[in-house]
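Have a look at the structure below, then the notes.
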There are 2 protein chains.
Amino acid sequence: METIKQHQVHGGTLRYLTHDSATTGTPMTLSVFVPPGEGPFPVLIWLSGLTCTEDNFTSKAGAYRAAAEHGLIIVAPDTSPRGDGVADDPAWDLGQGAGFYVDATQAPWTPHFRMETYVTGELIALIDAEFPTTGTRSISGHSMGGHGALTLALRHPDLFTSVSAFAPIASPSRCPWGEKAFTAYLGPDRATWDAHDATRLLESGAARGVYDDILIDQGDADPFLVEQLKPELIQAAADAVGQTVTIRMQPGYDHSYFFMASFIADHVAFHARRLEAVSR
Amino acid sequence: METIKQHQVHGGTLRYLTHDSATTGTPMTLSVFVPPGEGPFPVLIWLSGLTCTEDNFTSKAGAYRAAAEHGLIIVAPDTSPRGDGVADDPAWDLGQGAGFYVDATQAPWTPHFRMETYVTGELIALIDAEFPTTGTRSISGHSMGGHGALTLALRHPDLFTSVSAFAPIASPSRCPWGEKAFTAYLGPDRATWDAHDATRLLESGAARGVYDDILIDQGDADPFLVEQLKPELIQAAADAVGQTVTIRMQPGYDHSYFFMASFIADHVAFHARRLEAVSR
């Protein structure tokens, strides 16, 4: 791992890093905040939304005050492989910047678009090897990254202590962003999509009983709420299988980082409580 | 004033605005955060540094949590006039994005580069006319904007209740950034520069006794500290004339927004205490 930039913030150390990923076959960039103190610290993995790099959350979410207070490492990877020789699409909602946290099975996206294996395998191992972690972690994210956090947590319950999301794409198999991306990355057979759709995963009983609560914040002035995000679908699925999901509809808030900055401290505290409990 | 974008953040309302400025003869952009509640609220004017627009502080400083808590309006204008027909320079430290908060007296910078009159006249009047203010205000800023905050506060003590700065250019007449900008905007006669140099203004006794304290945060890992910023000059001038200036050298911090995000809440509280006292 190579450090590109390093900043002190809220008493901790923030690094922008790059490493050659064996999973994606490309350089991958990320940011890692390590709080003040000796550690070891539990980890919060943050997955960003469409068009983002690792920088949007890092510079705009204002998460590090709370992370310093609670003693949490925060890791924010880029949202896809990038670079020459990596497939892309002219649209902003497909290809580079839009990896959707799945392993693509379709050309031209294989072999680089393997974000699920990258996050759950290589990234976690790298962070535990290179930083003073407790070996425990939680996951959160925004929009496409909220979908990523929910699906990776439900598919890999052994890896995560807790999961939350901001304005997640709750059921990508039933919204335009998700249908477009899943068709491209996973192919036209919708039966293969359910395993990467948080609402369908909940309906199937995946990870039942693992998470005591799943915290979701959603702005009611979010322009993508009705057509793309559809939190009512995940609420219904959770109710049907007895999974507690707390969806906080935040009046007046939109889809921006200003929305996240307003509530990120609540999410950091939500995860910190649960990570402290398992570390004891 | 036209609203370009509006976001809810920390319970308050953030607007990106544009208006046709009679002072600069150009459209000027700014952001205004209004805290939750009815008001009226005192105002903090924030002046940004070289290369910045109104957006850098707005999206990266994380100031609105504290502003909502203390009930402060925060106004962040752009750092210069911009656009076709406005003089510019290929360098990043002169021209558009680098107005230095002075009224230029030299071609080609006249007539648009009139940032002192813009901030202390038109901007303040516009904010008091369009938003629920108490008519009291303080001023702060970063780097070039720290220079702006200090010099405008010392030159116009009737307008401001308190002043603070992050990593200000403490004595622009004695550093490369300032010498270049003042030569261009004010001309080669250095005698005209002293009135726009915070250290020289303090030495002259400007605003003596008006400000009970001037708060300055400065990172000791700031790469511009020795050559450009020179806080030791303003400290010496303040000591010589009996003005209290509190310079907090923050170990390990650099010149970035991560530094400002780490201490902005202290500055908001510093100004809020003083603004509340005069509003009572």
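We label chains A, B, ... in the order they appear in the structure tokens, count residues from 1 in each chain, and number ligands from 1 in the order shown.
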Find the residues of chain A that sit at most 9 Å from chain B; for each, write down the nearest two atoms and how far apart they are in Å, to one decimal. Count only C-alpha atoms. Sort by chain, then by number going up, and give it as CSV.
residue,atom,partner,partner_atom,distance
A:His7,CA,B:Asp254,CA,6.8
A:Gln8,CA,B:Tyr253,CA,5.4
A:Val9,CA,B:Phe258,CA,5.3
A:His10,CA,B:Ser262,CA,4.7
A:Gly11,CA,B:Ser262,CA,7.8
A:Leu14,CA,B:Phe258,CA,8.9
A:Ser59,CA,B:Lys60,CA,5.7
A:Lys60,CA,B:Lys60,CA,4.9
A:Ala61,CA,B:Lys60,CA,7.9
A:Gly62,CA,B:Gly62,CA,5.9
A:Tyr64,CA,B:Ser262,CA,8.8
A:Arg65,CA,B:Ser262,CA,7.4
A:Gly252,CA,B:Gln8,CA,6.2
A:Tyr253,CA,B:Gln8,CA,5.4
A:Asp254,CA,B:His7,CA,6.8
A:Ser256,CA,B:His7,CA,7.8
A:Tyr257,CA,B:Ser59,CA,8.0
A:Phe258,CA,B:Val9,CA,5.3
A:Phe259,CA,B:Val9,CA,5.9
A:Met260,CA,B:Val9,CA,8.6
A:Ala261,CA,B:Val9,CA,7.4
A:Ser262,CA,B:His10,CA,4.7
A:Phe263,CA,B:His10,CA,7.9
Restricting it to N, CA and C atoms, dump the selection as an mmCIF file, in the first residue's frame.
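Output file part.cif is given in full below:
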data_model
loop_
_atom_site.group_PDB
_atom_site.id
_atom_site.type_symbol
_atom_site.label_atom_id
_atom_site.label_comp_id
_atom_site.auth_asym_id
_atom_site.auth_seq_id
_atom_site.Cartn_x
_atom_site.Cartn_y
_atom_site.Cartn_z
ATOM 1 N N HIS A 7 -3.256 13.350 6.234
ATOM 2 C CA HIS A 7 -3.702 14.536 6.969
ATOM 3 C C HIS A 7 -4.022 14.152 8.405
ATOM 4 N N GLN A 8 -3.732 15.054 9.320
ATOM 5 C CA GLN A 8 -4.259 14.877 10.668
ATOM 6 C C GLN A 8 -5.648 15.500 10.706
ATOM 7 N N VAL A 9 -6.597 14.803 11.348
ATOM 8 C CA VAL A 9 -7.961 15.338 11.477
ATOM 9 C C VAL A 9 -8.560 14.823 12.781
ATOM 10 N N HIS A 10 -9.121 15.730 13.565
ATOM 11 C CA HIS A 10 -9.744 15.389 14.839
ATOM 12 C C HIS A 10 -8.828 14.508 15.700
ATOM 13 N N GLY A 11 -7.551 14.777 15.648
ATOM 14 C CA GLY A 11 -6.597 14.059 16.478
ATOM 15 C C GLY A 11 -6.153 12.719 15.917
ATOM 16 N N LEU A 14 -5.556 10.506 8.814
ATOM 17 C CA LEU A 14 -6.291 10.129 7.609
ATOM 18 C C LEU A 14 -5.301 9.934 6.479
ATOM 19 N N SER A 59 -13.998 13.721 2.311
ATOM 20 C CA SER A 59 -13.894 15.174 2.492
ATOM 21 C C SER A 59 -15.210 15.829 2.880
ATOM 22 N N LYS A 60 -16.346 15.168 2.658
ATOM 23 C CA LYS A 60 -17.634 15.846 2.844
ATOM 24 C C LYS A 60 -18.526 15.313 3.958
ATOM 25 N N ALA A 61 -18.332 14.100 4.401
ATOM 26 C CA ALA A 61 -19.318 13.512 5.324
ATOM 27 C C ALA A 61 -19.130 13.972 6.761
ATOM 28 N N GLY A 62 -17.956 14.464 7.110
ATOM 29 C CA GLY A 62 -17.744 14.922 8.480
ATOM 30 C C GLY A 62 -17.831 13.798 9.501
ATOM 31 N N TYR A 64 -15.328 12.011 10.902
ATOM 32 C CA TYR A 64 -14.156 11.665 11.710
ATOM 33 C C TYR A 64 -14.194 12.214 13.132
ATOM 34 N N ARG A 65 -14.974 13.240 13.373
ATOM 35 C CA ARG A 65 -15.148 13.703 14.751
ATOM 36 C C ARG A 65 -15.735 12.574 15.602
ATOM 37 N N GLY A 252 -37.440 16.790 5.056
ATOM 38 C CA GLY A 252 -36.750 17.913 4.420
ATOM 39 C C GLY A 252 -35.387 17.581 3.870
ATOM 40 N N TYR A 253 -34.850 16.408 4.182
ATOM 41 C CA TYR A 253 -33.484 16.080 3.736
ATOM 42 C C TYR A 253 -33.495 15.452 2.350
ATOM 43 N N ASP A 254 -32.413 15.731 1.594
ATOM 44 C CA ASP A 254 -32.310 15.242 0.222
ATOM 45 C C ASP A 254 -31.305 14.095 0.117
ATOM 46 N N SER A 256 -28.022 14.382 -0.674
ATOM 47 C CA SER A 256 -26.660 14.903 -0.734
ATOM 48 C C SER A 256 -25.825 14.525 0.491
ATOM 49 N N TYR A 257 -24.552 14.886 0.413
ATOM 50 C CA TYR A 257 -23.664 14.709 1.566
ATOM 51 C C TYR A 257 -24.075 15.587 2.741
ATOM 52 N N PHE A 258 -24.817 16.658 2.505
ATOM 53 C CA PHE A 258 -25.307 17.463 3.628
ATOM 54 C C PHE A 258 -26.280 16.651 4.481
ATOM 55 N N PHE A 259 -27.053 15.804 3.837
ATOM 56 C CA PHE A 259 -27.943 14.875 4.557
ATOM 57 C C PHE A 259 -27.104 13.903 5.393
ATOM 58 N N MET A 260 -26.101 13.303 4.756
ATOM 59 C CA MET A 260 -25.263 12.357 5.506
ATOM 60 C C MET A 260 -24.528 13.030 6.650
ATOM 61 N N ALA A 261 -23.975 14.213 6.386
ATOM 62 C CA ALA A 261 -23.235 14.922 7.436
ATOM 63 C C ALA A 261 -24.127 15.191 8.647
ATOM 64 N N SER A 262 -25.429 15.339 8.402
ATOM 65 C CA SER A 262 -26.349 15.659 9.496
ATOM 66 C C SER A 262 -26.577 14.474 10.431
ATOM 67 N N PHE A 263 -26.398 13.246 9.930
ATOM 68 C CA PHE A 263 -26.747 12.066 10.730
ATOM 69 C C PHE A 263 -25.618 11.042 10.847
#
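Here atom CA of Val32 of chain B and atom CA of Leu154 of chain B stand 23.9 Å from one another.
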Strand (DSSP E or B) positions in segment 6-250 of chain A, given as a PyMOL selection string: chain A and resi 6-9+12-20+27-34+41-47+73-77+95+98+103+114+133-142+163-166+214-219+245-250
Leu152 of chain A surroundings by only C-alpha atoms, 10 Å radius, close-in-sequence under 4 positions cut, as an MDAnalysis selection string: chainID A and resid 101:102 116:117 119:120 139:140 146:148 156:157 159:160 163 196:198
For the selection you just gave me, I'd like the residues written to a file as a compact mmCIF listing (two decimals), in the first residue's frame, keeping N, CA and C atoms.
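Dumped everything to result36.txt:
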# COMPACT_ATOMS: atom_id res chain seq x y z
N TYR A 101 -20.94 -3.18 -6.21
CA TYR A 101 -20.53 -4.12 -5.17
C TYR A 101 -20.94 -5.56 -5.47
N VAL A 102 -20.89 -5.90 -6.77
CA VAL A 102 -21.10 -7.29 -7.19
C VAL A 102 -19.86 -7.75 -7.97
N GLU A 116 -17.51 -7.14 -4.98
CA GLU A 116 -17.90 -7.89 -3.79
C GLU A 116 -16.70 -8.64 -3.21
N THR A 117 -15.98 -9.34 -4.06
CA THR A 117 -14.80 -10.07 -3.57
C THR A 117 -13.71 -9.11 -3.11
N VAL A 119 -14.12 -6.10 -1.67
CA VAL A 119 -14.43 -5.54 -0.35
C VAL A 119 -14.39 -6.62 0.73
N THR A 120 -15.05 -7.74 0.48
CA THR A 120 -15.20 -8.74 1.54
C THR A 120 -13.95 -9.60 1.71
N ILE A 139 -20.41 -2.21 8.62
CA ILE A 139 -20.44 -1.69 7.25
C ILE A 139 -21.63 -0.76 7.08
N SER A 140 -21.39 0.30 6.31
CA SER A 140 -22.44 1.26 6.01
C SER A 140 -22.17 1.86 4.64
N GLY A 146 -25.25 2.07 -0.06
CA GLY A 146 -26.19 1.55 0.93
C GLY A 146 -26.66 0.16 0.51
N HIS A 147 -26.95 0.02 -0.78
CA HIS A 147 -27.23 -1.32 -1.35
C HIS A 147 -26.05 -2.24 -1.10
N GLY A 148 -24.84 -1.73 -1.35
CA GLY A 148 -23.65 -2.56 -1.13
C GLY A 148 -23.52 -3.00 0.32
N HIS A 156 -22.69 -12.00 3.88
CA HIS A 156 -21.48 -12.39 4.63
C HIS A 156 -21.63 -12.05 6.10
N PRO A 157 -22.62 -12.64 6.75
CA PRO A 157 -22.91 -12.24 8.14
C PRO A 157 -21.77 -12.58 9.11
N LEU A 159 -18.77 -11.77 8.63
CA LEU A 159 -17.75 -10.72 8.52
C LEU A 159 -18.11 -9.44 9.28
N PHE A 160 -19.40 -9.19 9.51
CA PHE A 160 -19.81 -7.87 9.99
C PHE A 160 -20.61 -7.97 11.29
N VAL A 163 -24.82 -3.33 10.51
CA VAL A 163 -24.96 -2.73 9.18
C VAL A 163 -25.96 -1.58 9.25
N HIS A 196 -28.37 -10.51 -4.84
CA HIS A 196 -27.69 -9.23 -4.70
C HIS A 196 -28.68 -8.09 -4.48
N ASP A 197 -29.83 -8.43 -3.99
CA ASP A 197 -30.91 -7.46 -3.75
C ASP A 197 -31.26 -7.57 -2.27
N ALA A 198 -31.04 -6.51 -1.50
CA ALA A 198 -31.19 -6.58 -0.05
C ALA A 198 -32.59 -7.02 0.36
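Residue nearest Leu186 of chain A within the list A:Ala104, A:Ala153, A:Ile247, A:Ala272: A:Ala104 [criterion: smallest interatomic distance, only C-alpha atoms].
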